[in-house]
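Just run-v6.cif here, mmCIF, C-alpha atoms and all ligand atoms:
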```cif
data_protein
loop_
_atom_site.label_atom_id
_atom_site.label_comp_id
_atom_site.auth_asym_id
_atom_site.auth_seq_id
_atom_site.Cartn_x
_atom_site.Cartn_y
_atom_site.Cartn_z
CA MET A 1 -17.93 -58.29 -51.68
CA GLN A 2 -16.77 -61.24 -53.67
CA LYS A 3 -13.23 -60.05 -53.00
CA MET A 4 -14.04 -59.56 -49.34
CA PHE A 5 -15.33 -63.04 -48.84
CA ARG A 6 -13.17 -65.27 -50.99
CA SER A 7 -10.61 -66.21 -48.33
CA TYR A 8 -13.23 -66.34 -45.58
CA LYS A 9 -15.22 -68.71 -47.74
CA ALA A 10 -12.26 -71.03 -47.82
CA ALA A 11 -12.11 -70.91 -44.03
CA ALA A 12 -15.85 -71.29 -43.72
CA ALA A 13 -16.11 -74.20 -46.14
CA ALA A 14 -17.13 -76.48 -43.30
CA ALA A 15 -20.22 -74.43 -42.56
CA ALA A 16 -21.17 -73.14 -45.98
CA PRO A 17 -20.29 -75.26 -48.99
CA PRO A 18 -18.68 -73.09 -51.69
CA LYS A 19 -21.08 -71.50 -54.14
CA GLN A 20 -20.51 -70.19 -57.63
CA PRO A 21 -18.21 -67.14 -57.51
CA ALA A 22 -20.25 -63.94 -57.19
CA ARG A 23 -20.68 -61.98 -60.40
CA ASP A 24 -18.60 -58.84 -60.90
CA GLU A 25 -21.77 -56.76 -60.99
CA GLU A 26 -22.74 -58.06 -57.59
CA ALA A 27 -19.37 -57.15 -56.22
CA LYS A 28 -19.98 -53.59 -57.38
CA VAL A 29 -23.48 -53.56 -56.00
CA LEU A 30 -22.41 -54.77 -52.57
CA LYS A 31 -19.37 -52.57 -52.27
CA ALA A 32 -21.19 -49.45 -53.45
CA PRO A 33 -22.65 -48.38 -50.07
CA GLY A 34 -19.15 -48.39 -48.53
CA PHE A 35 -20.91 -49.53 -45.38
CA LEU A 36 -17.75 -50.37 -43.48
CA LYS A 37 -15.91 -47.15 -44.25
CA PRO A 38 -15.51 -44.52 -41.52
CA GLU A 39 -17.83 -42.06 -43.31
CA ALA A 40 -20.67 -44.58 -43.08
CA LEU A 41 -19.76 -45.84 -39.62
CA MET A 42 -19.82 -42.36 -38.10
CA ARG A 43 -23.60 -42.46 -38.24
CA PHE A 44 -23.65 -45.73 -36.29
CA LEU A 45 -21.55 -44.71 -33.31
CA GLY A 46 -24.26 -42.99 -31.23
CA LYS A 47 -26.59 -45.95 -31.72
CA MET A 48 -23.76 -48.39 -30.86
CA ASP A 49 -23.24 -46.47 -27.64
CA SER A 50 -26.94 -46.52 -26.78
CA ILE A 51 -27.29 -50.27 -27.51
CA THR A 52 -24.21 -50.92 -25.33
CA GLN A 53 -25.75 -48.83 -22.53
CA GLU A 54 -29.06 -50.71 -22.79
CA GLN A 55 -27.27 -54.05 -22.56
CA MET A 56 -25.27 -52.88 -19.54
CA LYS A 57 -28.56 -51.94 -17.88
CA ILE A 58 -30.22 -55.29 -18.63
CA TYR A 59 -27.37 -57.77 -18.17
CA TRP A 60 -24.60 -56.12 -16.10
CA GLU A 61 -25.94 -53.50 -13.69
CA ASP A 62 -27.25 -54.80 -10.33
CA LYS A 63 -25.22 -58.01 -10.75
CA ASP A 64 -22.40 -59.02 -8.40
CA GLN A 65 -20.87 -61.29 -11.01
CA VAL A 66 -21.36 -61.95 -14.71
CA LEU A 67 -20.01 -64.23 -17.42
CA ALA A 68 -18.14 -61.79 -19.63
CA TYR A 69 -17.86 -63.99 -22.72
CA PRO A 70 -21.54 -64.84 -23.34
CA LEU A 71 -22.52 -61.24 -22.54
CA ALA A 72 -19.94 -59.88 -24.97
CA LYS A 73 -21.36 -62.23 -27.64
CA THR A 74 -24.92 -61.12 -26.98
CA LEU A 75 -23.79 -57.51 -27.29
CA THR A 76 -21.83 -57.98 -30.52
CA LEU A 77 -24.55 -60.03 -32.16
CA SER A 78 -27.14 -57.41 -31.15
CA LEU A 79 -24.97 -54.73 -32.74
CA ALA A 80 -24.43 -56.79 -35.88
CA CYS A 81 -28.13 -57.68 -36.16
CA ARG A 82 -29.04 -54.01 -35.79
CA PHE A 83 -26.54 -52.60 -38.28
CA PHE A 84 -26.33 -55.45 -40.78
CA LEU A 85 -29.91 -56.73 -40.70
CA GLY A 86 -31.94 -53.97 -39.04
CA ILE A 87 -33.44 -56.31 -36.42
CA ASP A 88 -33.65 -55.71 -32.67
CA GLU A 89 -35.78 -58.55 -31.24
CA PRO A 90 -33.87 -60.16 -28.32
CA GLU A 91 -35.47 -63.64 -28.78
CA ARG A 92 -34.34 -63.79 -32.38
CA ILE A 93 -30.86 -62.66 -31.44
CA ALA A 94 -30.69 -65.31 -28.68
CA ARG A 95 -31.59 -68.01 -31.23
CA LEU A 96 -28.95 -66.76 -33.64
CA VAL A 97 -26.21 -66.65 -30.95
CA GLU A 98 -26.54 -70.39 -30.41
CA ASN A 99 -26.44 -71.21 -34.10
CA PHE A 100 -23.53 -68.89 -34.87
CA ASP A 101 -21.47 -70.53 -32.15
CA ASP A 102 -21.93 -73.91 -33.84
CA VAL A 103 -21.00 -72.47 -37.24
CA THR A 104 -17.86 -70.85 -35.83
CA VAL A 105 -16.69 -74.07 -34.19
CA GLY A 106 -17.42 -75.99 -37.41
CA MET A 107 -15.21 -73.73 -39.51
CA HIS A 108 -12.06 -75.58 -38.53
CA SER A 109 -13.48 -79.06 -38.15
CA LEU A 110 -12.94 -82.15 -40.24
CA ILE A 111 -15.41 -82.38 -43.12
CA VAL A 112 -17.15 -85.48 -41.84
CA ASN A 113 -20.88 -85.11 -42.25
CA PHE A 114 -22.90 -87.52 -40.19
CA PRO A 115 -24.95 -87.03 -37.02
CA GLY A 116 -22.79 -86.36 -33.98
CA THR A 117 -19.85 -84.69 -35.79
CA ILE A 118 -18.92 -81.03 -35.33
CA PHE A 119 -19.21 -80.50 -39.07
CA HIS A 120 -22.72 -81.94 -39.13
CA ARG A 121 -23.80 -79.68 -36.27
CA ALA A 122 -22.29 -76.66 -38.06
CA THR A 123 -24.11 -77.52 -41.30
CA LYS A 124 -27.41 -77.80 -39.47
CA ALA A 125 -26.80 -74.51 -37.65
CA ALA A 126 -25.91 -72.81 -40.96
CA ASP A 127 -29.19 -74.10 -42.45
CA ALA A 128 -31.14 -72.74 -39.48
CA ILE A 129 -29.47 -69.33 -39.84
CA ARG A 130 -30.20 -69.27 -43.59
CA LYS A 131 -33.85 -70.05 -42.84
CA GLU A 132 -34.06 -67.29 -40.24
CA LEU A 133 -32.33 -64.84 -42.57
CA LYS A 134 -34.74 -65.62 -45.40
CA THR A 135 -37.63 -64.80 -43.07
CA VAL A 136 -35.90 -61.54 -42.14
CA ILE A 137 -35.48 -60.73 -45.86
CA GLN A 138 -39.17 -61.34 -46.56
CA GLU A 139 -40.23 -59.21 -43.58
CA LYS A 140 -37.89 -56.48 -44.69
CA LYS A 141 -39.29 -56.50 -48.21
CA ALA A 142 -42.80 -56.16 -46.80
CA ALA A 143 -41.72 -53.29 -44.54
CA MET A 144 -39.98 -51.57 -47.45
CA ALA A 145 -43.12 -51.90 -49.55
CA SER A 146 -45.02 -50.03 -46.83
CA GLY A 147 -42.48 -47.20 -47.11
CA ALA A 148 -40.77 -47.68 -43.71
CA PRO A 149 -37.31 -45.99 -43.63
CA MET A 150 -34.41 -48.49 -43.49
CA MET A 151 -30.80 -47.97 -42.45
CA ASP A 152 -29.04 -51.30 -42.70
CA ILE A 153 -26.83 -53.30 -45.03
CA LEU A 154 -29.48 -55.88 -45.82
CA THR A 155 -31.74 -53.21 -47.29
CA HIS A 156 -28.92 -52.13 -49.60
CA MET A 157 -28.53 -55.70 -50.80
CA ILE A 158 -32.25 -56.12 -51.41
CA VAL A 159 -32.70 -52.94 -53.43
CA ALA A 160 -29.46 -53.15 -55.39
CA SER A 161 -29.63 -54.57 -58.90
CA ASP A 162 -27.07 -55.44 -61.54
CA PRO A 163 -26.84 -53.52 -64.85
CA SER A 164 -29.49 -55.81 -66.39
CA GLY A 165 -31.92 -54.89 -63.58
CA GLN A 166 -31.64 -58.30 -61.84
CA HIS A 167 -31.90 -58.36 -58.05
CA MET A 168 -29.83 -60.79 -56.04
CA PRO A 169 -31.67 -64.02 -55.15
CA GLU A 170 -32.76 -64.29 -51.53
CA ALA A 171 -30.66 -67.40 -50.90
CA GLU A 172 -27.55 -65.57 -52.02
CA ILE A 173 -28.32 -62.52 -49.88
CA ALA A 174 -28.79 -64.85 -46.90
CA ASP A 175 -25.40 -66.48 -47.54
CA LYS A 176 -23.64 -63.15 -47.83
CA MET A 177 -25.24 -61.85 -44.65
CA MET A 178 -24.23 -65.04 -42.86
CA GLY A 179 -20.61 -64.54 -43.97
CA LEU A 180 -20.61 -60.96 -42.72
CA LEU A 181 -22.22 -61.83 -39.39
CA THR A 182 -19.86 -64.78 -38.85
CA ALA A 183 -16.80 -62.65 -39.59
CA GLY A 184 -17.88 -59.73 -37.46
CA TYR A 185 -19.46 -61.20 -34.36
CA SER A 186 -17.29 -63.52 -32.28
CA THR A 187 -14.04 -61.77 -33.26
CA VAL A 188 -15.27 -58.54 -31.68
CA ALA A 189 -16.70 -60.42 -28.68
CA THR A 190 -13.37 -62.18 -28.15
CA ALA A 191 -11.45 -58.89 -28.09
CA MET A 192 -13.94 -57.48 -25.53
CA THR A 193 -13.73 -60.63 -23.38
CA PHE A 194 -9.96 -60.72 -23.24
CA PHE A 195 -9.93 -57.00 -22.48
CA MET A 196 -11.96 -57.93 -19.39
CA LYS A 197 -9.44 -60.64 -18.55
CA TYR A 198 -6.13 -58.84 -19.02
CA VAL A 199 -7.30 -55.48 -17.66
CA GLY A 200 -9.12 -57.19 -14.78
CA GLU A 201 -5.76 -58.64 -13.79
CA ARG A 202 -3.87 -55.33 -14.04
CA PRO A 203 -5.22 -52.53 -11.79
CA ASP A 204 -2.50 -50.14 -13.06
CA ILE A 205 -3.72 -50.50 -16.65
CA TYR A 206 -7.35 -50.31 -15.57
CA ALA A 207 -6.56 -46.98 -13.82
CA LYS A 208 -5.08 -45.51 -17.01
CA VAL A 209 -7.96 -46.67 -19.20
CA LEU A 210 -10.43 -45.29 -16.65
CA ALA A 211 -8.65 -41.92 -16.55
CA GLU A 212 -8.78 -41.67 -20.34
CA GLN A 213 -12.44 -42.70 -20.54
CA MET A 214 -13.49 -40.36 -17.71
CA GLU A 215 -11.88 -37.47 -19.54
CA VAL A 216 -14.13 -38.30 -22.51
CA ALA A 217 -17.19 -38.81 -20.27
CA GLU A 218 -16.63 -35.53 -18.42
CA SER A 219 -16.34 -33.60 -21.67
CA LYS A 220 -19.92 -34.58 -22.55
CA LYS A 221 -23.32 -33.31 -21.48
CA THR A 222 -25.61 -35.64 -19.52
CA GLY A 223 -27.07 -38.23 -21.87
CA GLN A 224 -24.92 -37.19 -24.83
CA LEU A 225 -23.79 -40.20 -26.84
CA LEU A 226 -20.29 -40.95 -28.11
CA GLU A 227 -19.17 -39.14 -31.24
CA TRP A 228 -16.39 -39.73 -33.71
CA ASP A 229 -14.02 -37.17 -32.13
CA ASP A 230 -14.31 -38.98 -28.81
CA LEU A 231 -12.69 -42.07 -30.34
CA ASN A 232 -9.60 -40.03 -31.19
CA LYS A 233 -9.23 -39.35 -27.47
CA MET A 234 -9.11 -43.09 -26.71
CA LYS A 235 -5.61 -43.80 -27.94
CA TYR A 236 -4.39 -45.54 -24.80
CA SER A 237 -7.52 -47.72 -24.63
CA TRP A 238 -7.01 -48.81 -28.24
CA ASN A 239 -3.34 -49.59 -27.52
CA VAL A 240 -4.57 -51.80 -24.70
CA ILE A 241 -6.83 -53.60 -27.19
CA TYR A 242 -3.86 -54.08 -29.52
CA GLU A 243 -1.96 -55.68 -26.68
CA VAL A 244 -5.02 -57.83 -25.84
CA MET A 245 -5.04 -59.01 -29.46
CA ARG A 246 -1.30 -59.71 -29.42
CA PHE A 247 -1.73 -61.98 -26.41
CA THR A 248 -4.93 -63.56 -27.71
CA PRO A 249 -5.64 -62.95 -31.41
CA PRO A 250 -9.42 -63.18 -31.96
CA LEU A 251 -8.83 -64.78 -35.36
CA GLN A 252 -5.87 -67.12 -35.54
CA GLY A 253 -5.24 -66.82 -39.26
CA THR A 254 -6.72 -67.69 -42.60
CA PHE A 255 -5.96 -69.07 -46.03
CA ARG A 256 -4.05 -67.83 -49.04
CA GLU A 257 -3.39 -69.49 -52.38
CA ALA A 258 0.23 -69.75 -53.54
CA LEU A 259 0.50 -67.72 -56.77
CA THR A 260 3.88 -69.22 -57.70
CA ASP A 261 6.04 -72.12 -56.48
CA PHE A 262 8.11 -71.03 -53.49
CA GLU A 263 10.58 -72.48 -50.98
CA TYR A 264 9.85 -72.38 -47.26
CA ALA A 265 12.05 -74.01 -44.60
CA GLY A 266 13.47 -76.41 -47.18
CA TYR A 267 10.06 -77.40 -48.61
CA THR A 268 8.70 -76.46 -52.00
CA ILE A 269 5.17 -75.13 -51.87
CA PRO A 270 3.67 -75.58 -55.33
CA LYS A 271 1.64 -72.92 -57.08
CA GLY A 272 -2.08 -73.32 -56.39
CA TRP A 273 -1.68 -74.87 -52.94
CA LYS A 274 -3.76 -73.45 -50.11
CA VAL A 275 -1.54 -72.16 -47.35
CA TYR A 276 -2.66 -71.16 -43.90
CA TRP A 277 -0.98 -68.11 -42.37
CA THR A 278 -1.24 -67.29 -38.69
CA VAL A 279 -1.52 -64.00 -36.86
CA SER A 280 0.52 -65.15 -33.86
CA THR A 281 3.70 -66.33 -35.59
CA THR A 282 5.51 -63.10 -34.65
CA ASN A 283 3.47 -62.02 -31.62
CA MET A 284 5.94 -63.35 -29.06
CA ASN A 285 9.13 -62.71 -31.05
CA PRO A 286 11.44 -60.56 -28.87
CA GLU A 287 12.99 -59.06 -32.00
CA TYR A 288 9.74 -57.19 -32.62
CA PHE A 289 8.17 -57.24 -29.16
CA PRO A 290 10.92 -56.78 -26.55
CA ASN A 291 10.07 -58.57 -23.32
CA PRO A 292 7.17 -60.29 -25.10
CA GLU A 293 5.59 -61.83 -21.97
CA LYS A 294 4.97 -58.36 -20.56
CA PHE A 295 1.52 -56.86 -21.20
CA ASP A 296 2.65 -53.40 -22.28
CA PRO A 297 0.29 -51.16 -24.31
CA SER A 298 2.99 -48.48 -24.66
CA ARG A 299 4.68 -50.60 -27.35
CA TYR A 300 2.10 -49.23 -29.81
CA ASP A 301 2.82 -45.56 -29.07
CA ASP A 302 4.40 -45.51 -32.51
CA ILE A 303 2.72 -48.33 -34.37
CA SER A 304 4.30 -47.27 -37.67
CA ALA A 305 7.67 -48.37 -36.25
CA PHE A 306 6.74 -52.06 -36.55
CA PRO A 307 8.21 -53.84 -39.60
CA PRO A 308 5.45 -54.80 -42.07
CA PHE A 309 3.53 -58.02 -41.32
CA THR A 310 4.90 -58.44 -37.80
CA PHE A 311 1.73 -57.40 -35.96
CA VAL A 312 -1.31 -58.36 -37.98
CA PRO A 313 -4.41 -58.91 -35.79
CA PHE A 314 -6.53 -57.74 -38.75
CA GLY A 315 -4.42 -59.44 -41.41
CA GLY A 316 -2.53 -57.55 -44.08
CA GLY A 317 -2.36 -56.70 -47.75
CA PRO A 318 -5.35 -56.46 -50.08
CA ARG A 319 -7.43 -58.94 -48.04
CA MET A 320 -6.97 -57.12 -44.74
CA CYS A 321 -10.04 -57.20 -42.54
CA PRO A 322 -12.60 -54.71 -43.92
CA GLY A 323 -14.38 -54.69 -40.54
CA LYS A 324 -11.44 -53.18 -38.62
CA GLU A 325 -13.06 -49.74 -38.16
CA TYR A 326 -16.43 -51.24 -37.24
CA ALA A 327 -14.62 -53.40 -34.66
CA ARG A 328 -12.81 -50.35 -33.26
CA LEU A 329 -16.10 -48.52 -32.76
CA ALA A 330 -17.87 -51.44 -31.12
CA ILE A 331 -14.93 -52.32 -28.84
CA LEU A 332 -14.24 -48.75 -27.73
CA ALA A 333 -17.95 -48.13 -27.03
CA PHE A 334 -17.85 -51.24 -24.83
CA VAL A 335 -14.62 -50.18 -23.07
CA HIS A 336 -16.06 -46.72 -22.42
CA ASN A 337 -19.24 -48.09 -20.88
CA VAL A 338 -17.76 -50.91 -18.86
CA VAL A 339 -14.92 -48.99 -17.16
CA LYS A 340 -17.19 -46.02 -16.41
CA ARG A 341 -19.55 -48.29 -14.48
CA PHE A 342 -17.40 -50.99 -12.89
CA LYS A 343 -14.20 -52.25 -11.43
CA TRP A 344 -13.92 -56.00 -11.79
CA GLU A 345 -11.97 -58.98 -10.68
CA VAL A 346 -11.34 -62.08 -12.80
CA MET A 347 -12.65 -64.97 -10.70
CA PHE A 348 -10.50 -67.75 -12.20
CA PRO A 349 -7.23 -66.25 -13.48
CA LYS A 350 -6.10 -69.71 -14.57
CA GLU A 351 -9.34 -70.49 -16.43
CA LYS A 352 -8.61 -72.79 -19.35
CA ILE A 353 -8.84 -71.26 -22.83
CA THR A 354 -10.14 -73.72 -25.40
CA GLY A 355 -10.85 -73.50 -29.12
CA ASP A 356 -8.54 -73.38 -32.11
CA MET A 357 -10.40 -70.97 -34.35
CA MET A 358 -11.76 -68.67 -31.66
CA PRO A 359 -10.14 -68.65 -28.20
CA THR A 360 -12.89 -69.42 -25.69
CA PRO A 361 -12.68 -69.22 -21.87
CA GLU A 362 -13.99 -72.57 -20.68
CA LYS A 363 -16.22 -71.15 -17.92
CA GLY A 364 -17.25 -68.04 -19.91
CA LEU A 365 -14.87 -65.76 -17.96
CA PRO A 366 -16.77 -65.10 -14.72
CA VAL A 367 -15.90 -61.66 -13.30
CA ARG A 368 -16.88 -60.13 -9.96
CA LEU A 369 -18.21 -56.61 -10.46
CA THR A 370 -17.97 -53.62 -8.14
CA ARG A 371 -20.02 -50.53 -9.02
CA ARG A 372 -17.83 -47.42 -9.27
C1 LIG B 401 -11.56 -57.60 -33.39
C2 LIG B 401 -12.28 -57.89 -34.47
C3 LIG B 401 -11.77 -58.52 -35.72
C4 LIG B 401 -10.58 -59.15 -35.96
C5 LIG B 401 -9.42 -59.39 -34.99
C6 LIG B 401 -10.61 -59.57 -37.35
C7 LIG B 401 -9.57 -60.24 -37.97
C8 LIG B 401 -9.57 -60.58 -39.30
C9 LIG B 401 -8.48 -61.23 -39.98
C10 LIG B 401 -7.15 -61.63 -39.36
C11 LIG B 401 -8.86 -61.42 -41.26
C12 LIG B 401 -8.02 -62.05 -42.38
C13 LIG B 401 -7.37 -60.93 -43.14
C14 LIG B 401 -6.40 -61.39 -44.19
O1 LIG B 401 -6.63 -62.45 -44.81
O2 LIG B 401 -5.38 -60.67 -44.40
C15 LIG B 401 -10.20 -60.90 -41.41
C16 LIG B 401 -10.92 -60.92 -42.59
C17 LIG B 401 -12.22 -60.48 -42.71
N1 LIG B 401 -12.96 -59.83 -41.76
FE1 LIG B 401 -12.36 -59.43 -39.88
N2 LIG B 401 -11.79 -59.19 -37.92
C18 LIG B 401 -12.54 -58.54 -36.96
C19 LIG B 401 -13.79 -57.98 -37.13
C20 LIG B 401 -14.51 -57.99 -38.29
C21 LIG B 401 -15.80 -57.37 -38.48
C22 LIG B 401 -16.52 -56.56 -37.40
C23 LIG B 401 -16.21 -57.64 -39.76
C24 LIG B 401 -17.47 -57.22 -40.48
C25 LIG B 401 -18.13 -56.15 -40.17
C26 LIG B 401 -15.18 -58.43 -40.38
C27 LIG B 401 -15.24 -58.89 -41.67
C28 LIG B 401 -14.21 -59.55 -42.28
C29 LIG B 401 -14.28 -60.05 -43.65
C30 LIG B 401 -15.47 -59.93 -44.58
C31 LIG B 401 -13.03 -60.62 -43.92
C32 LIG B 401 -12.57 -61.28 -45.22
C33 LIG B 401 -11.75 -60.28 -46.00
C34 LIG B 401 -11.22 -60.83 -47.34
O3 LIG B 401 -11.03 -62.02 -47.47
O4 LIG B 401 -11.00 -60.00 -48.26
N3 LIG B 401 -14.17 -58.62 -39.47
N4 LIG B 401 -10.61 -60.39 -40.22
#
```

Please express the file's structure as structure tokens.
Amino acid sequence: MQKMFRSYKAAAAAAAPPKQPARDEEAKVLKAPGFLKPEALMRFLGKMDSITQEQMKIYWEDKDQVLAYPLAKTLTLSLACRFFLGIDEPERIARLVENFDDVTVGMHSLIVNFPGTIFHRATKAADAIRKELKTVIQEKKAAMASGAPMMDILTHMIVASDPSGQHMPEAEIADKMMGLLTAGYSTVATAMTFFMKYVGERPDIYAKVLAEQMEVAESKKTGQLLEWDDLNKMKYSWNVIYEVMRFTPPLQGTFREALTDFEYAGYTIPKGWKVYWTVSTTNMNPEYFPNPEKFDPSRYDDISAFPPFTFVPFGGGPRMCPGKEYARLAILAFVHNVVKRFKWEVMFPKEKITGDMMPTPEKGLPVRLTRR
């Protein structure tokens, strides 16, 4: 986990001041469950599908129009709270959504800490989240003591101990959970939101996604939830998501440390400097993406044909996003449920997109829904 978070920590310095590096033993403890590997995620998929269906029922069905972005965030935070923390209460999730938004915005702000600055707001929000998470940890410990069965990442962190039998302090667990939730919540929501935008503007692509998803839906019995094999039948839908992420990368980039001096564009970058790499540097390069302005999911029919590090929505190398598979599950469960139920129209195709760290539709991406 230490390895997983080191570069994110650099990016998140604004919201969470750097702590002592995690101990090696902790890294082992936290990695042990393999909670983001497909074997572990398989068990989550049915529940992801049912949570997505519940949210469609509460927030989407019977509505003529919705704001796609805030609803996508509520969905992804509900999923993350369920699978990372084991909590389901909507009021708690609503409180966290607000605070996480402030932390996310603060990640790329100037470190100026006095009332009224973005950084100050992010620090306060991070404190509020830590406080809430500590309460969750205490409740969880009490529930565990009463023998209730637990299936979430937080429980693993609480019970795990290092070789000397030491458990991780609550404050540290809270920080680690905050890092995981921050990394895995608005990124997924952004991909879902821009799927709504780009596919809402392209009826031909919508028709193909719908055909693929209906084939999956029709192969299932009434009420049967999504299973792992179903995801393998969603290749076109996932290619659409790739194209969504090429047009609008949910995470713009992150930091690396130069291991040796090197030359770039006539400048010497000294060893030890922090460098910021971006996902989108090659996204519109016609050498790799012919006709780059065209939204064309078929370019990923053979994804292995891309030269290394030209298309990197999830990063690359040893620090590549460990949440990629989790994101695929959550996004495809959303795609399946939304296209099965609705056609939609983007109400303001020219809506301004703000935000440097996370692209944000200024009005929340209002869409007009038509029940299928
Ligand atoms: C569409 C969704 C997502 C996108 C586009 C995305 C993108 C990225 C990118 C570009 C990086 C930097 C990788 C690098 O430095 O090479 C990253 C790192 C990371 N992501 Fe994601 N991510 C997504 C979802 C998630 C989820 C769901 C989780 C958690 C469950 C997660 C956890 C992390 C963590 C912990 C890191 C830091 C890895 C490290 O430094 O070793 N991400 N992500």

Within 9 Å of ligand LIG 401 (chain B), counting all atoms listed in the file, residues as a VMD selection string:
chain A and resid 1 to 9 35 to 36 76 80 84 179 to 192 241 245 249 to 256 277 to 279 312 to 328 330 to 331

Two-atom distance - CA of Tyr276 in chain A, CA of Ala258 in chain A (Å):
10.2 Å

Have a look at A:Ala305, A:Met284, A:Ala333, A:Ile58 and name the one nearest to Leu225 in chain A; count all atoms listed in the file.
A:Ala333

Work out how far apart CA of Gln53 in chain A and CA of Val338 in chain A are and give it in Å to one decimal.
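Between these atoms lies a distance of 9.0 Å.
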
If we count all atoms listed in the file, what is near Phe83 in chain A at a cut-off of 10 Å, once residues fewer than 4 positions away on the same chain are taken out, given as a VMD selection string?
chain A and resid 35 41 44 47 to 48 77 to 79 87 to 88 151 to 154

Taking 6 positions as the minimum chain separation for residues in the same chain, which residues sit within 12 Å of range 207-221 of chain A when counting only C-alpha atoms? Answer as a compact mmCIF listing (two decimals) with C-alpha atoms, keeping the file's coordinate frame.
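Contents of the output file selection.txt:
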```txt
# COMPACT_ATOMS: atom_id res chain seq x y z
CA PHE A 195 -9.93 -57.00 -22.48
CA MET A 196 -11.96 -57.93 -19.39
CA VAL A 199 -7.30 -55.48 -17.66
CA GLY A 200 -9.12 -57.19 -14.78
CA GLU A 201 -5.76 -58.64 -13.79
CA GLU A 227 -19.17 -39.14 -31.24
CA TRP A 228 -16.39 -39.73 -33.71
CA ASP A 229 -14.02 -37.17 -32.13
CA ASP A 230 -14.31 -38.98 -28.81
CA LEU A 231 -12.69 -42.07 -30.34
CA ASN A 232 -9.60 -40.03 -31.19
CA LYS A 233 -9.23 -39.35 -27.47
CA MET A 234 -9.11 -43.09 -26.71
CA LYS A 235 -5.61 -43.80 -27.94
CA TYR A 236 -4.39 -45.54 -24.80
CA SER A 237 -7.52 -47.72 -24.63
CA TRP A 238 -7.01 -48.81 -28.24
CA ASN A 239 -3.34 -49.59 -27.52
CA VAL A 240 -4.57 -51.80 -24.70
CA ILE A 241 -6.83 -53.60 -27.19
CA PRO A 297 0.29 -51.16 -24.31
CA SER A 298 2.99 -48.48 -24.66
CA LEU A 332 -14.24 -48.75 -27.73
CA ALA A 333 -17.95 -48.13 -27.03
CA PHE A 334 -17.85 -51.24 -24.83
CA VAL A 335 -14.62 -50.18 -23.07
CA HIS A 336 -16.06 -46.72 -22.42
CA ASN A 337 -19.24 -48.09 -20.88
CA VAL A 338 -17.76 -50.91 -18.86
CA VAL A 339 -14.92 -48.99 -17.16
CA LYS A 340 -17.19 -46.02 -16.41
CA ARG A 341 -19.55 -48.29 -14.48
CA PHE A 342 -17.40 -50.99 -12.89
CA LYS A 343 -14.20 -52.25 -11.43
CA TRP A 344 -13.92 -56.00 -11.79
CA ARG A 372 -17.83 -47.42 -9.27
```

Name the closest residue to Asp175 in chain A among the candidates A:Glu39, A:Asp127, A:Glu287, A:Asp64; distances are taken between atoms, counting only C-alpha atoms.
A:Asp127

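Minimum distance to Leu85 in chain A across A:His167, A:Lys363, A:Lys134, A:Arg246 (counting all atoms listed in the file) occurs at A:Lys134.
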
So that I can see what lies close to range 351-356 of chain A, please list as an NGL selection string the residues with an atom at most 8 Å from it, counting all atoms listed in the file and leaving out residues fewer than 2 positions away in the same chain.
:A and (105 or 108 or 252 or 348-349 or 358-363 or 365)

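The coordinates place CA of Arg202 in chain A at 22.6 Å from CA of Asn285 in chain A.
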